[in-house]
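Peer 1: What follows is a single structure, and I will ask about it in a moment.
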Amino acid sequence: MWQPDGWDVRVRLGVLTPHADVGPESELRAMAPADVGLHAARVPFAAMGPGGVMGLTVPLAPVRAFAEPSHVDDAAELLAAAPVAAIAYAFTSSAYVIGARGEAYMLERLTERAGGLPVVATCAAAVGALRALGVARLALVDPPWFDATLSDLGRGYYEEAGFEVPYAAPCGLPSGQALIRPDALYGWVLEQVPDAAQAVVVGGNGFRAVGVIEALEAELERPVLTANQVLLWAALRAAGEPVDGVTGYGRLFSAP
């Protein structure tokens, strides 16, 4: 079977990711068709040490700082110099902390630094995906390294966007990106998500989650959205590319 080499791609997408995080690139590459190129720029994140090690919960100050000038702005400008068609900001928690208005301002700022290239962000992408799917009530499942305060800020983000959030909490799994197992996440979501929720949103771009999307949708009979899934959906749309070539990762990619 023919496989594209590094030049045989139809579109290239840039990714802004914390400097020691491999989750966004891994999940985006797993989902994206072979002819979609992915190119990451790493942004310093003070809460992450060598090897991607973090504390049991992530403090809010470095989360906020990640979205502020100048590191992420410089990274966006450098990434935009490559032949990419859109840039994806792969960091969920900063939107929780700065809110939807702060996120919108950040995207305007990054777009300007990127020379007008479209820049999309995870939480704004999730809002767009929920609206595309006709969802009004959601359950929010955050990574175990999000504490209750950060998860409550996430609830507030989606409520401010006009959604009801009957459930929002950090996932009760071991706190560490390398410790997350798809079967454990699958079981946790099934046990915790209330019937009142019309969809499940799994927050956190470093949270290993895309592998359980279709199994959860089949069992719950409702949409399941994850951070990197909605980010890829939004980045392809921003680049003017079809999204229906992404298969095996949820009904979002076949939504009208």
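Identifiers in this document derive from the order of the structure tokens: chains are assigned A, B, ..., residues are numbered from 1 separately in each chain, and ligands are numbered from 1 in order of occurrence.
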If DSSP is run on the backbone, what residues of region 37-136 of chain A are strand (DSSP E)? A reply as a list of chain:residue names would be ideal.

Peer 2: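 Matching residues for strand (DSSP E) in region 37-136 of chain A are A:Gly37, A:Leu38, A:His39, A:Ala40, A:Ala41, A:Arg42, A:Val43, A:Ala86, A:Ile87, A:Ala88, A:Tyr89, A:Val119, A:Val120, A:Ala121.
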
Peer 1: Store the residues of this selection in a file with C-alpha atoms, as a JSON list (two decimals), in the first residue's frame.

Peer 2:
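In the end it all went to again-v5.json:
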```json
[["chain", "number", "residue", "atom", "x", "y", "z"],
["A", 37, "GLY", "CA", 1.18, 16.62, 8.33],
["A", 38, "LEU", "CA", 1.60, 17.61, 11.99],
["A", 39, "HIS", "CA", 4.38, 19.92, 13.17],
["A", 40, "ALA", "CA", 4.78, 20.90, 16.83],
["A", 41, "ALA", "CA", 6.39, 23.84, 18.57],
["A", 42, "ARG", "CA", 7.21, 23.38, 22.23],
["A", 43, "VAL", "CA", 6.29, 26.06, 24.77],
["A", 86, "ALA", "CA", -3.59, 26.40, 10.73],
["A", 87, "ILE", "CA", -2.22, 26.25, 14.26],
["A", 88, "ALA", "CA", -3.75, 24.24, 17.12],
["A", 89, "TYR", "CA", -3.22, 25.40, 20.72],
["A", 119, "VAL", "CA", -5.25, 29.59, 15.41],
["A", 120, "VAL", "CA", -7.73, 27.30, 17.19],
["A", 121, "ALA", "CA", -7.81, 26.26, 20.84]]
```

Peer 1: Residues at most 12 Å from region 46-55 of chain A, counting only C-alpha atoms, excluding those fewer than 3 positions away in the same chain, as a count of residues only?

Peer 2: 30

Peer 1: Compare A:Glu217, A:Pro242, A:Phe207, A:Gly154 by their minimum atom-to-atom distance to Arg181 (chain A), counting only C-alpha atoms, and give me the closest one.

Peer 2: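 Distance minimum relative to Arg181 (chain A) lands on A:Phe207.
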
Peer 1: Could you state the separation of CA of Ala139 (chain A) and CA of Phe45 (chain A) in Å, given to one decimal place?

Peer 2: 27.7 Å

Peer 1: Using DSSP secondary structure from the backbone, list all helix (DSSP H, G or I) positions within region 92-191 of chain A, as an NGL selection string.

Peer 2: :A and (93-113 or 122-132 or 148-160 or 177-179 or 182-191)

Peer 1: One decimal, Å: what's the distance from CA of Thr122 (chain A) over to CA of Leu231 (chain A), could you say?

Peer 2: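 Pair CA of Thr122 (chain A) / CA of Leu231 (chain A) returns 5.2 Å.
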
Peer 1: Separation of CA of Ala168 (chain A) and CA of Leu140 (chain A), in Å?

Peer 2: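 Atom-to-atom, CA of Ala168 (chain A) and CA of Leu140 (chain A) are spaced 4.5 Å apart.
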
Peer 1: Excluding Pro194 (chain A) and any residue of its chain fewer than 4 positions from it, enumerate the residues within 9 Å of it, using only C-alpha atoms, and give them as a ChimeraX atom specification.

Peer 2: /A:139,166-167,190

Peer 1: Could you dump the residues just selected with all heavy atoms as a PDB file, in the first residue's frame?

Peer 2:
```pdb
ATOM      1  N   ALA A 139     -21.416  16.215  30.571  1.00  0.00           N
ATOM      2  CA  ALA A 139     -20.623  15.774  31.721  1.00  0.00           C
ATOM      3  C   ALA A 139     -19.159  16.046  31.401  1.00  0.00           C
ATOM      4  O   ALA A 139     -18.675  15.684  30.331  1.00  0.00           O
ATOM      5  CB  ALA A 139     -20.839  14.291  31.979  1.00  0.00           C
ATOM      6  N   PRO A 166     -24.282  18.975  34.466  1.00  0.00           N
ATOM      7  CA  PRO A 166     -24.729  18.235  35.640  1.00  0.00           C
ATOM      8  C   PRO A 166     -23.627  17.456  36.342  1.00  0.00           C
ATOM      9  O   PRO A 166     -23.815  17.003  37.473  1.00  0.00           O
ATOM     10  CB  PRO A 166     -25.799  17.292  35.084  1.00  0.00           C
ATOM     11  CG  PRO A 166     -25.491  17.161  33.637  1.00  0.00           C
ATOM     12  CD  PRO A 166     -24.907  18.473  33.223  1.00  0.00           C
ATOM     13  N   TYR A 167     -22.487  17.295  35.701  1.00  0.00           N
ATOM     14  CA  TYR A 167     -21.369  16.582  36.330  1.00  0.00           C
ATOM     15  C   TYR A 167     -20.063  17.188  35.858  1.00  0.00           C
ATOM     16  O   TYR A 167     -19.861  17.405  34.647  1.00  0.00           O
ATOM     17  CB  TYR A 167     -21.388  15.091  35.958  1.00  0.00           C
ATOM     18  CG  TYR A 167     -20.222  14.310  36.527  1.00  0.00           C
ATOM     19  CD1 TYR A 167     -20.315  13.704  37.774  1.00  0.00           C
ATOM     20  CD2 TYR A 167     -19.024  14.202  35.819  1.00  0.00           C
ATOM     21  CE1 TYR A 167     -19.234  12.999  38.303  1.00  0.00           C
ATOM     22  CE2 TYR A 167     -17.940  13.502  36.343  1.00  0.00           C
ATOM     23  CZ  TYR A 167     -18.058  12.897  37.580  1.00  0.00           C
ATOM     24  OH  TYR A 167     -16.994  12.219  38.106  1.00  0.00           O
ATOM     25  N   LEU A 190     -18.018   5.264  32.515  1.00  0.00           N
ATOM     26  CA  LEU A 190     -19.296   4.539  32.568  1.00  0.00           C
ATOM     27  C   LEU A 190     -19.928   4.622  33.952  1.00  0.00           C
ATOM     28  O   LEU A 190     -21.149   4.737  34.084  1.00  0.00           O
ATOM     29  CB  LEU A 190     -19.099   3.075  32.187  1.00  0.00           C
ATOM     30  CG  LEU A 190     -18.822   2.758  30.724  1.00  0.00           C
ATOM     31  CD1 LEU A 190     -18.768   1.248  30.521  1.00  0.00           C
ATOM     32  CD2 LEU A 190     -19.870   3.372  29.805  1.00  0.00           C
TER      33      LEU A 190
END
```

Peer 1: Excluding Leu185 (chain A) and its own-chain neighbours fewer than 5 positions away, which residues fall within 9 Å of it when counting only C-alpha atoms? Please give them as a list of chain:residue names.

Peer 2: A:Cys171, A:Gly172, A:Leu173, A:Ile180, A:Leu190, A:Arg208, A:Ala209, A:Val212

Peer 1: For all heavy atoms, I'd like the residues from the last selection saved as a short mmCIF file (atom, residue, chain, number, x, y, z; two decimals), in the first residue's frame.

Peer 2:
```cif
data_model
loop_
_atom_site.label_atom_id
_atom_site.label_comp_id
_atom_site.auth_asym_id
_atom_site.auth_seq_id
_atom_site.Cartn_x
_atom_site.Cartn_y
_atom_site.Cartn_z
N CYS A 171 -10.96 12.98 37.10
CA CYS A 171 -11.06 11.53 37.01
C CYS A 171 -10.33 10.87 38.18
O CYS A 171 -9.22 11.28 38.53
CB CYS A 171 -10.47 11.09 35.68
SG CYS A 171 -10.59 9.34 35.35
N GLY A 172 -10.92 9.87 38.77
CA GLY A 172 -10.34 9.20 39.92
C GLY A 172 -9.36 8.10 39.54
O GLY A 172 -9.44 6.98 40.08
N LEU A 173 -8.43 8.38 38.66
CA LEU A 173 -7.40 7.44 38.25
C LEU A 173 -6.04 7.93 38.75
O LEU A 173 -5.93 9.08 39.21
CB LEU A 173 -7.39 7.30 36.72
CG LEU A 173 -8.65 6.73 36.07
CD1 LEU A 173 -8.49 6.67 34.55
CD2 LEU A 173 -8.99 5.35 36.62
N ILE A 180 -2.18 6.52 32.77
CA ILE A 180 -3.56 6.40 32.29
C ILE A 180 -3.68 5.21 31.35
O ILE A 180 -2.92 5.08 30.39
CB ILE A 180 -4.03 7.69 31.59
CG1 ILE A 180 -3.91 8.89 32.54
CG2 ILE A 180 -5.45 7.54 31.08
CD1 ILE A 180 -4.71 8.75 33.82
N LEU A 190 -18.02 5.26 32.52
CA LEU A 190 -19.30 4.54 32.57
C LEU A 190 -19.93 4.62 33.95
O LEU A 190 -21.15 4.74 34.08
CB LEU A 190 -19.10 3.08 32.19
CG LEU A 190 -18.82 2.76 30.72
CD1 LEU A 190 -18.77 1.25 30.52
CD2 LEU A 190 -19.87 3.37 29.80
N ARG A 208 -4.68 10.71 28.07
CA ARG A 208 -4.81 9.66 27.06
C ARG A 208 -6.26 9.19 26.99
O ARG A 208 -6.74 8.46 27.84
CB ARG A 208 -3.90 8.49 27.42
CG ARG A 208 -3.87 7.35 26.42
CD ARG A 208 -2.99 6.23 26.93
NE ARG A 208 -2.96 5.12 25.99
CZ ARG A 208 -2.38 3.94 26.26
NH1 ARG A 208 -1.79 3.76 27.43
NH2 ARG A 208 -2.39 2.98 25.37
N ALA A 209 -6.98 9.59 25.93
CA ALA A 209 -8.42 9.38 25.92
C ALA A 209 -9.00 8.98 24.57
O ALA A 209 -10.09 8.41 24.52
CB ALA A 209 -9.14 10.64 26.42
N VAL A 212 -10.72 5.47 23.64
CA VAL A 212 -11.96 4.96 24.22
C VAL A 212 -13.20 5.64 23.64
O VAL A 212 -14.32 5.32 24.05
CB VAL A 212 -11.97 5.09 25.76
CG1 VAL A 212 -10.80 4.35 26.36
CG2 VAL A 212 -11.95 6.55 26.20
#
```

Peer 1: What's around region 100-113 of chain A at 8 Å? Count only C-alpha atoms, leave out sequence neighbours fewer than 6 positions away in its own chain, and write the answer as a PDB file with C-alpha atoms, in the first residue's frame.

Peer 2:
```pdb
ATOM      1  CA  ALA A  67      -1.245  31.471  27.854  1.00  0.00           C
ATOM      2  CA  GLU A  68       0.503  34.789  28.423  1.00  0.00           C
ATOM      3  CA  VAL A  72       3.623  31.002  23.340  1.00  0.00           C
ATOM      4  CA  ASP A  73       3.495  34.090  21.096  1.00  0.00           C
ATOM      5  CA  ASP A  74       7.092  33.554  19.978  1.00  0.00           C
ATOM      6  CA  ALA A  76       3.308  30.744  17.227  1.00  0.00           C
ATOM      7  CA  GLU A  77       5.306  33.202  15.118  1.00  0.00           C
ATOM      8  CA  SER A  94      -5.439  27.722  30.583  1.00  0.00           C
ATOM      9  CA  VAL A 119      -5.252  29.589  15.405  1.00  0.00           C
ATOM     10  CA  VAL A 120      -7.730  27.296  17.189  1.00  0.00           C
ATOM     11  CA  ALA A 121      -7.814  26.259  20.839  1.00  0.00           C
ATOM     12  CA  ALA A 124     -13.316  26.895  22.028  1.00  0.00           C
ATOM     13  CA  TYR A 157     -16.248  27.859  31.306  1.00  0.00           C
ATOM     14  CA  GLU A 160     -20.661  30.635  30.601  1.00  0.00           C
ATOM     15  CA  ALA A 161     -20.873  29.281  27.041  1.00  0.00           C
TER      16      ALA A 161
END
```

Peer 1: Go through A:Ala95, A:Val135, A:Ala75, A:Ala85 one by one, measure the shortest atom-to-atom distance of each to Ala197 (chain A) using only C-alpha atoms, and give the residue with the smallest value.

Peer 2: A:Val135

Peer 1: Using only C-alpha atoms, can you tell me which of A:Asp142, A:Val224, A:Ile98, A:Val127 comes closest to Glu159 (chain A)?

Peer 2: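 Ranked by minimum distance to Glu159 (chain A), first place goes to A:Val127.
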